[in-house]
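Structure record follows, encoded as C-alpha coordinates.
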Amino acid sequence: MLVLERNICKFKRAITANRSCRICSSANDEILVEKLGSVTTIGINRPQKRNCINKASASKLSRAILEFEEDESALVGVLHGIGGNFCAGYDLEELSGFDPDMGLGDEAGHGPMGPTRRMIKKPMVAAISGYAVAGGMELALMCDLRVMEETAIMGIFCRRFGVPLLDGGTVRLQALVGLSRALDLILTGRAIKAKEAFEWGLANRLVACGTGLGQAINLATSLVKFPQACLRADRVSTYNSAFNAGSHEEALEFEKNNAAHVVLQESVAGAKQFMSGVGRHGKFYNLTDRKQTQPIKSKI
(Lines give C-alpha, C1' and ligand atoms only; values in the text may rest on other atoms or scores of the structure.)
Protein backbone atom coordinates (compact mmCIF):
# COMPACT_ATOMS: atom_id res chain seq x y z
CA MET A 1 0.00 0.00 0.00
CA LEU A 2 2.87 2.38 0.79
CA VAL A 3 4.40 1.80 -2.66
CA LEU A 4 1.02 2.51 -4.26
CA GLU A 5 0.62 5.78 -2.35
CA ARG A 6 4.11 6.88 -3.35
CA ASN A 7 3.43 6.14 -7.03
CA ILE A 8 0.12 8.05 -6.95
CA CYS A 9 1.73 11.02 -5.22
CA LYS A 10 4.59 11.00 -7.74
CA PHE A 11 2.11 10.97 -10.61
CA LYS A 12 0.06 13.82 -9.11
CA ARG A 13 3.19 15.90 -8.42
CA ALA A 14 4.34 15.40 -12.00
CA ILE A 15 1.02 16.70 -13.32
CA THR A 16 0.86 19.59 -10.85
CA ALA A 17 4.41 20.69 -11.66
CA ASN A 18 3.54 21.10 -15.32
CA ARG A 19 0.69 23.57 -15.47
CA SER A 20 1.27 23.94 -19.21
CA CYS A 21 0.45 20.24 -19.66
CA ARG A 22 -2.51 19.80 -21.98
CA ILE A 23 -4.58 17.64 -19.66
CA CYS A 24 -8.18 18.75 -20.30
CA SER A 25 -6.86 22.12 -21.56
CA SER A 26 -8.47 21.73 -24.97
CA ALA A 27 -11.26 19.57 -26.29
CA ASN A 28 -9.12 19.04 -29.38
CA ASP A 29 -6.49 17.06 -27.44
CA GLU A 30 -8.44 13.84 -27.72
CA ILE A 31 -5.68 11.42 -26.78
CA LEU A 32 -3.26 12.33 -23.99
CA VAL A 33 0.04 10.50 -23.55
CA GLU A 34 2.05 10.67 -20.31
CA LYS A 35 5.38 8.97 -19.64
CA LEU A 36 6.17 8.03 -16.07
CA GLY A 37 9.48 6.23 -16.27
CA SER A 38 8.93 2.92 -18.04
CA VAL A 39 5.14 3.23 -17.80
CA THR A 40 3.20 5.10 -20.50
CA THR A 41 -0.36 6.24 -19.81
CA ILE A 42 -2.72 6.81 -22.74
CA GLY A 43 -5.86 8.78 -21.89
CA ILE A 44 -9.02 9.16 -23.96
CA ASN A 45 -10.01 12.80 -23.55
CA ARG A 46 -13.54 13.35 -24.84
CA PRO A 47 -15.29 13.75 -21.45
CA GLN A 48 -18.20 15.68 -22.98
CA LYS A 49 -19.02 12.45 -24.86
CA ARG A 50 -18.18 10.11 -21.97
CA ASN A 51 -15.03 9.40 -23.98
CA CYS A 52 -16.90 7.90 -26.92
CA ILE A 53 -14.58 7.26 -29.85
CA ASN A 54 -15.13 8.61 -33.36
CA LYS A 55 -13.11 7.99 -36.49
CA ALA A 56 -10.62 10.79 -35.79
CA SER A 57 -9.96 9.81 -32.17
CA ALA A 58 -9.73 6.12 -33.13
CA SER A 59 -6.94 7.02 -35.54
CA LYS A 60 -5.17 9.05 -32.85
CA LEU A 61 -5.52 6.22 -30.34
CA SER A 62 -4.03 3.78 -32.85
CA ARG A 63 -1.08 6.08 -33.42
CA ALA A 64 -0.52 6.64 -29.69
CA ILE A 65 -0.43 2.90 -29.01
CA LEU A 66 1.85 2.30 -31.99
CA GLU A 67 4.27 4.95 -30.71
CA PHE A 68 4.16 3.31 -27.26
CA GLU A 69 5.03 -0.03 -28.85
CA GLU A 70 7.95 1.47 -30.78
CA ASP A 71 9.36 3.37 -27.78
CA GLU A 72 12.14 1.17 -26.37
CA SER A 73 12.01 2.95 -23.02
CA ALA A 74 8.28 2.23 -22.61
CA LEU A 75 7.64 -1.24 -21.15
CA VAL A 76 4.02 -1.22 -19.98
CA GLY A 77 1.03 0.89 -21.02
CA VAL A 78 -2.02 2.06 -19.07
CA LEU A 79 -5.18 2.92 -21.00
CA HIS A 80 -7.69 5.14 -19.18
CA GLY A 81 -10.38 7.76 -19.66
CA ILE A 82 -10.35 11.42 -18.63
CA GLY A 83 -13.21 12.89 -16.63
CA GLY A 84 -14.69 9.93 -14.79
CA ASN A 85 -15.47 7.43 -17.56
CA PHE A 86 -13.28 4.91 -19.34
CA CYS A 87 -15.13 4.90 -22.67
CA ALA A 88 -18.83 4.67 -23.54
CA GLY A 89 -18.27 3.12 -26.97
CA TYR A 90 -18.44 4.53 -30.47
CA ASP A 91 -19.83 8.03 -30.98
CA LEU A 92 -23.44 7.41 -32.06
CA GLU A 93 -23.79 10.99 -33.27
CA GLU A 94 -21.17 10.28 -35.91
CA LEU A 95 -22.62 6.84 -36.61
CA SER A 96 -26.08 8.33 -37.20
CA GLY A 97 -24.64 10.06 -40.26
CA PHE A 98 -22.65 7.04 -41.40
CA ASP A 99 -21.33 7.13 -44.94
CA PRO A 100 -20.15 3.81 -46.40
CA ASP A 101 -17.07 5.62 -47.65
CA MET A 102 -16.06 6.12 -43.99
CA GLY A 103 -15.30 2.42 -43.73
CA LEU A 104 -15.29 0.35 -40.54
CA GLY A 105 -11.64 0.47 -39.59
CA ASP A 106 -10.70 -1.57 -42.63
CA GLU A 107 -6.96 -0.99 -42.27
CA ALA A 108 -5.17 -4.18 -41.23
CA GLY A 109 -5.29 -4.63 -37.45
CA HIS A 110 -7.62 -1.69 -36.90
CA GLY A 111 -11.31 -1.57 -35.99
CA PRO A 112 -13.74 1.32 -35.50
CA MET A 113 -12.41 1.84 -31.93
CA GLY A 114 -8.71 1.83 -32.89
CA PRO A 115 -6.02 -0.90 -32.90
CA THR A 116 -8.42 -3.60 -31.71
CA ARG A 117 -7.93 -6.27 -34.37
CA ARG A 118 -4.37 -7.15 -33.45
CA MET A 119 -2.38 -8.05 -30.37
CA ILE A 120 -0.55 -5.13 -28.80
CA LYS A 121 3.18 -5.90 -28.61
CA LYS A 122 3.63 -4.89 -24.97
CA PRO A 123 1.52 -5.42 -21.84
CA MET A 124 -1.32 -2.96 -21.30
CA VAL A 125 -3.47 -2.34 -18.23
CA ALA A 126 -6.95 -0.79 -18.46
CA ALA A 127 -7.90 1.62 -15.66
CA ILE A 128 -11.70 1.39 -15.67
CA SER A 129 -13.84 4.09 -14.08
CA GLY A 130 -17.43 5.03 -14.78
CA TYR A 131 -18.71 3.45 -17.97
CA ALA A 132 -16.70 0.97 -20.06
CA VAL A 133 -19.50 -0.13 -22.34
CA ALA A 134 -20.09 -1.23 -25.94
CA GLY A 135 -16.89 -0.46 -27.87
CA GLY A 136 -15.40 0.88 -24.64
CA MET A 137 -15.70 -2.57 -23.14
CA GLU A 138 -13.97 -3.94 -26.23
CA LEU A 139 -11.06 -1.55 -25.61
CA ALA A 140 -10.85 -2.83 -22.03
CA LEU A 141 -10.86 -6.42 -23.31
CA MET A 142 -8.01 -5.53 -25.68
CA CYS A 143 -5.79 -4.87 -22.63
CA ASP A 144 -4.05 -7.67 -20.76
CA LEU A 145 -5.26 -6.68 -17.28
CA ARG A 146 -8.21 -4.63 -16.04
CA VAL A 147 -8.25 -2.56 -12.85
CA MET A 148 -11.90 -1.69 -12.15
CA GLU A 149 -13.24 0.85 -9.70
CA GLU A 150 -16.02 -0.47 -7.48
CA THR A 151 -18.59 1.93 -8.98
CA ALA A 152 -17.65 1.23 -12.61
CA ILE A 153 -19.92 -0.59 -15.06
CA MET A 154 -19.24 -2.69 -18.13
CA GLY A 155 -21.73 -4.06 -20.63
CA ILE A 156 -22.61 -4.53 -24.29
CA PHE A 157 -24.93 -1.52 -24.25
CA CYS A 158 -24.80 -1.27 -28.06
CA ARG A 159 -27.25 -4.22 -28.07
CA ARG A 160 -30.06 -1.68 -27.66
CA PHE A 161 -29.34 0.05 -30.96
CA GLY A 162 -28.31 -2.75 -33.30
CA VAL A 163 -24.62 -1.87 -33.27
CA PRO A 164 -22.54 -5.06 -33.61
CA LEU A 165 -19.28 -5.88 -31.88
CA LEU A 166 -16.56 -5.18 -34.46
CA ASP A 167 -13.55 -4.67 -32.16
CA GLY A 168 -12.91 -8.12 -30.77
CA GLY A 169 -15.69 -8.36 -28.19
CA THR A 170 -17.11 -11.68 -29.36
CA VAL A 171 -13.58 -13.13 -29.56
CA ARG A 172 -11.92 -11.90 -26.38
CA LEU A 173 -14.86 -11.95 -23.98
CA GLN A 174 -15.54 -15.67 -24.21
CA ALA A 175 -11.81 -16.42 -23.95
CA LEU A 176 -11.80 -14.55 -20.64
CA VAL A 177 -15.06 -15.68 -19.01
CA GLY A 178 -16.28 -18.68 -21.02
CA LEU A 179 -18.97 -19.11 -23.66
CA SER A 180 -22.01 -19.20 -21.38
CA ARG A 181 -21.16 -16.03 -19.49
CA ALA A 182 -20.05 -14.25 -22.66
CA LEU A 183 -23.41 -15.03 -24.30
CA ASP A 184 -25.20 -13.75 -21.21
CA LEU A 185 -23.59 -10.32 -21.63
CA ILE A 186 -23.58 -10.25 -25.44
CA LEU A 187 -27.20 -11.30 -25.98
CA THR A 188 -28.85 -9.40 -23.14
CA GLY A 189 -26.68 -6.28 -23.26
CA ARG A 190 -27.08 -6.04 -19.50
CA ALA A 191 -24.78 -4.11 -17.22
CA ILE A 192 -22.19 -5.99 -15.22
CA LYS A 193 -21.02 -4.18 -12.12
CA ALA A 194 -17.53 -4.29 -10.71
CA LYS A 195 -18.09 -6.93 -8.01
CA GLU A 196 -19.60 -9.42 -10.47
CA ALA A 197 -16.95 -8.62 -13.07
CA PHE A 198 -14.25 -9.37 -10.50
CA GLU A 199 -15.92 -12.62 -9.46
CA TRP A 200 -16.04 -13.68 -13.13
CA GLY A 201 -12.37 -12.84 -13.71
CA LEU A 202 -13.33 -10.09 -16.14
CA ALA A 203 -11.75 -7.54 -13.79
CA ASN A 204 -8.33 -8.44 -12.35
CA ARG A 205 -8.33 -5.88 -9.55
CA LEU A 206 -11.30 -4.29 -7.75
CA VAL A 207 -10.41 -0.89 -6.26
CA ALA A 208 -12.02 2.08 -4.55
CA CYS A 209 -13.73 4.79 -6.58
CA GLY A 210 -11.25 7.42 -7.73
CA THR A 211 -8.18 5.20 -7.35
CA GLY A 212 -8.34 3.27 -10.63
CA LEU A 213 -5.64 5.13 -12.51
CA GLY A 214 -3.21 5.17 -9.60
CA GLN A 215 -3.77 1.48 -8.93
CA ALA A 216 -3.36 0.66 -12.62
CA ILE A 217 -0.07 2.59 -12.74
CA ASN A 218 1.08 0.70 -9.66
CA LEU A 219 0.18 -2.63 -11.28
CA ALA A 220 1.96 -1.61 -14.49
CA THR A 221 5.02 -0.55 -12.49
CA SER A 222 5.11 -3.96 -10.82
CA LEU A 223 5.67 -5.53 -14.26
CA VAL A 224 8.59 -3.26 -15.14
CA LYS A 225 11.03 -4.91 -12.73
CA PHE A 226 10.89 -8.30 -14.45
CA PRO A 227 13.21 -9.40 -17.31
CA GLN A 228 11.21 -8.19 -20.29
CA ALA A 229 12.18 -10.71 -22.99
CA CYS A 230 10.95 -13.54 -20.79
CA LEU A 231 7.77 -11.69 -19.79
CA ARG A 232 6.88 -10.91 -23.41
CA ALA A 233 7.67 -14.43 -24.64
CA ASP A 234 5.41 -15.99 -22.01
CA ARG A 235 2.69 -13.45 -22.83
CA VAL A 236 2.82 -14.34 -26.54
CA SER A 237 2.75 -18.07 -25.79
CA THR A 238 -0.30 -17.59 -23.56
CA TYR A 239 -2.20 -15.71 -26.26
CA ASN A 240 -1.18 -18.29 -28.84
CA SER A 241 -2.54 -21.08 -26.66
CA ALA A 242 -5.82 -19.20 -26.20
CA PHE A 243 -6.44 -18.17 -29.80
CA ASN A 244 -4.14 -19.82 -32.34
CA ALA A 245 -3.04 -23.30 -31.32
CA GLY A 246 -4.85 -26.11 -33.05
CA SER A 247 -4.01 -28.70 -30.39
CA HIS A 248 -2.43 -29.17 -26.99
CA GLU A 249 0.73 -30.51 -28.63
CA GLU A 250 0.92 -27.56 -31.02
CA ALA A 251 0.62 -25.11 -28.15
CA LEU A 252 3.43 -26.83 -26.24
CA GLU A 253 5.68 -26.84 -29.30
CA PHE A 254 5.06 -23.13 -29.89
CA GLU A 255 5.82 -22.39 -26.25
CA LYS A 256 9.21 -24.11 -26.49
CA ASN A 257 10.21 -22.52 -29.80
CA ASN A 258 8.95 -19.09 -28.82
CA ALA A 259 10.89 -18.89 -25.55
CA ALA A 260 14.03 -20.97 -26.14
CA HIS A 261 16.15 -17.90 -26.94
CA VAL A 262 15.34 -16.39 -23.55
CA VAL A 263 17.40 -18.97 -21.68
CA LEU A 264 20.70 -17.50 -22.88
CA GLN A 265 19.35 -13.96 -23.10
CA GLU A 266 18.00 -13.66 -19.55
CA SER A 267 17.62 -16.98 -17.68
CA VAL A 268 21.31 -17.74 -17.05
CA ALA A 269 21.91 -14.24 -15.70
CA GLY A 270 18.75 -14.57 -13.60
CA ALA A 271 19.94 -17.85 -12.13
CA LYS A 272 23.23 -16.18 -11.18
CA GLN A 273 21.26 -13.39 -9.50
CA PHE A 274 19.37 -15.96 -7.45
CA MET A 275 22.60 -17.67 -6.43
CA SER A 276 23.90 -14.30 -5.23
CA GLY A 277 20.87 -13.98 -2.93
CA VAL A 278 18.46 -11.86 -5.01
CA GLY A 279 14.82 -12.96 -4.87
CA ARG A 280 15.31 -15.69 -2.30
CA HIS A 281 12.32 -16.92 -0.26
CA GLY A 282 9.83 -15.66 -2.84
CA LYS A 283 10.85 -12.00 -2.56
CA PHE A 284 9.82 -9.75 -5.46
CA TYR A 285 11.67 -6.56 -4.54
CA ASN A 286 15.17 -5.33 -5.47
CA LEU A 287 15.12 -7.41 -8.64
CA THR A 288 16.44 -4.50 -10.68
CA ASP A 289 17.92 -1.09 -10.10
CA ARG A 290 16.30 0.41 -13.18
CA LYS A 291 16.12 4.15 -12.66
CA GLN A 292 12.85 5.97 -13.31
CA THR A 293 12.92 9.14 -15.37
CA GLN A 294 10.84 12.25 -14.95
CA PRO A 295 7.44 12.32 -16.69
CA ILE A 296 7.43 13.44 -20.33
CA LYS A 297 4.30 15.07 -21.73
CA SER A 298 2.95 14.78 -25.22
CA LYS A 299 -0.34 14.87 -27.06
CA ILE A 300 -1.69 13.17 -30.14
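Please note that chains go A, B, ... in the order of the C-alpha coordinates, that every chain numbers its residues from 1, and that ligands are numbered from 1 in the order shown.
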As a short mmCIF file (atom, residue, chain, number, x, y, z; two decimals) with N, CA and C atoms, in the first residue's frame, please: the residues near stretch 52-59 of chain A (cut-off 7 Å, only C-alpha atoms, same-chain neighbours under 4 positions excluded).
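The file below, result.cif, is the result:
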```
data_model
loop_
_atom_site.label_atom_id
_atom_site.label_comp_id
_atom_site.auth_asym_id
_atom_site.auth_seq_id
_atom_site.Cartn_x
_atom_site.Cartn_y
_atom_site.Cartn_z
N GLU A 30 -7.56 14.97 -28.00
CA GLU A 30 -8.44 13.84 -27.72
C GLU A 30 -7.73 12.63 -27.13
N ARG A 46 -12.31 12.79 -24.26
CA ARG A 46 -13.54 13.35 -24.84
C ARG A 46 -14.63 13.28 -23.75
N ARG A 63 -2.43 5.54 -33.28
CA ARG A 63 -1.08 6.08 -33.42
C ARG A 63 -0.38 6.17 -32.07
N CYS A 87 -14.69 4.65 -21.29
CA CYS A 87 -15.13 4.90 -22.67
C CYS A 87 -16.52 4.32 -22.83
N ALA A 88 -17.45 5.11 -23.38
CA ALA A 88 -18.83 4.67 -23.54
C ALA A 88 -19.11 4.17 -24.95
N GLY A 89 -18.06 3.74 -25.66
CA GLY A 89 -18.27 3.12 -26.97
C GLY A 89 -18.03 4.06 -28.13
N TYR A 90 -18.60 3.71 -29.28
CA TYR A 90 -18.44 4.53 -30.47
C TYR A 90 -19.42 5.70 -30.42
N ASP A 91 -19.03 6.82 -30.98
CA ASP A 91 -19.83 8.03 -30.98
C ASP A 91 -21.06 7.84 -31.89
N GLU A 94 -21.85 10.47 -34.64
CA GLU A 94 -21.17 10.28 -35.91
C GLU A 94 -21.76 9.10 -36.68
N PRO A 112 -13.16 -0.01 -35.71
CA PRO A 112 -13.74 1.32 -35.50
C PRO A 112 -13.24 2.02 -34.25
N MET A 113 -12.86 1.25 -33.19
CA MET A 113 -12.41 1.84 -31.93
C MET A 113 -10.90 2.09 -31.89
N GLY A 114 -10.17 1.65 -32.91
CA GLY A 114 -8.71 1.83 -32.89
C GLY A 114 -7.99 0.53 -33.22
#
```
Residues within 12 Å of A:Lys256, please, as a PyMOL selection string. Count only C-alpha atoms; anything in the same chain fewer than 5 positions from it doesn't count. chain A and resi 233-234+236-238+249-251+261-263
Generate the output file for the selected residues, N, CA, C and O atoms, as a CSV table (one decimal), in the first residue's frame.
```
chain,number,residue,atom,x,y,z
A,233,ALA,N,7.7,-13.1,-24.0
A,233,ALA,CA,7.7,-14.4,-24.6
A,233,ALA,C,6.6,-15.2,-24.0
A,233,ALA,O,5.8,-15.9,-24.7
A,234,ASP,N,6.5,-15.2,-22.7
A,234,ASP,CA,5.4,-16.0,-22.0
A,234,ASP,C,4.0,-15.4,-22.3
A,234,ASP,O,3.0,-16.2,-22.4
A,236,VAL,N,3.2,-13.9,-25.2
A,236,VAL,CA,2.8,-14.3,-26.5
A,236,VAL,C,2.4,-15.8,-26.6
A,236,VAL,O,1.4,-16.2,-27.2
A,237,SER,N,3.1,-16.7,-25.8
A,237,SER,CA,2.7,-18.1,-25.8
A,237,SER,C,1.4,-18.3,-25.2
A,237,SER,O,0.6,-19.2,-25.6
A,238,THR,N,1.0,-17.5,-24.2
A,238,THR,CA,-0.3,-17.6,-23.6
A,238,THR,C,-1.4,-17.2,-24.5
A,238,THR,O,-2.4,-17.9,-24.7
A,249,GLU,N,-0.7,-30.3,-28.2
A,249,GLU,CA,0.7,-30.5,-28.6
A,249,GLU,C,1.3,-29.3,-29.4
A,249,GLU,O,2.5,-28.9,-29.2
A,250,GLU,N,0.5,-28.7,-30.2
A,250,GLU,CA,0.9,-27.6,-31.0
A,250,GLU,C,1.2,-26.4,-30.1
A,250,GLU,O,2.2,-25.7,-30.3
A,251,ALA,N,0.4,-26.2,-29.1
A,251,ALA,CA,0.6,-25.1,-28.1
A,251,ALA,C,1.9,-25.3,-27.4
A,251,ALA,O,2.7,-24.4,-27.2
A,261,HIS,N,15.1,-18.9,-26.9
A,261,HIS,CA,16.2,-17.9,-26.9
A,261,HIS,C,16.3,-17.1,-25.6
A,261,HIS,O,17.4,-16.6,-25.4
A,262,VAL,N,15.3,-17.2,-24.8
A,262,VAL,CA,15.3,-16.4,-23.6
A,262,VAL,C,16.3,-17.0,-22.5
A,262,VAL,O,16.9,-16.3,-21.7
A,263,VAL,N,16.5,-18.3,-22.7
A,263,VAL,CA,17.4,-19.0,-21.7
A,263,VAL,C,18.8,-18.3,-21.6
A,263,VAL,O,19.3,-18.0,-20.6
```
Could you tell me which of A:Leu104, A:Val125, A:Met275, A:Ala134 comes closest to A:Ile192 if we count only C-alpha atoms?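 Smallest separation from A:Ile192 among the options: A:Ala134.
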Given only C-alpha atoms as the basis, pick out the residue of A:Thr188, A:Ser222, A:Gln273, A:Gln174 nearest to A:Gly201.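 Checking each of A:Thr188, A:Ser222, A:Gln273, A:Gln174 against A:Gly201, counting only C-alpha atoms, the winner is A:Gln174.
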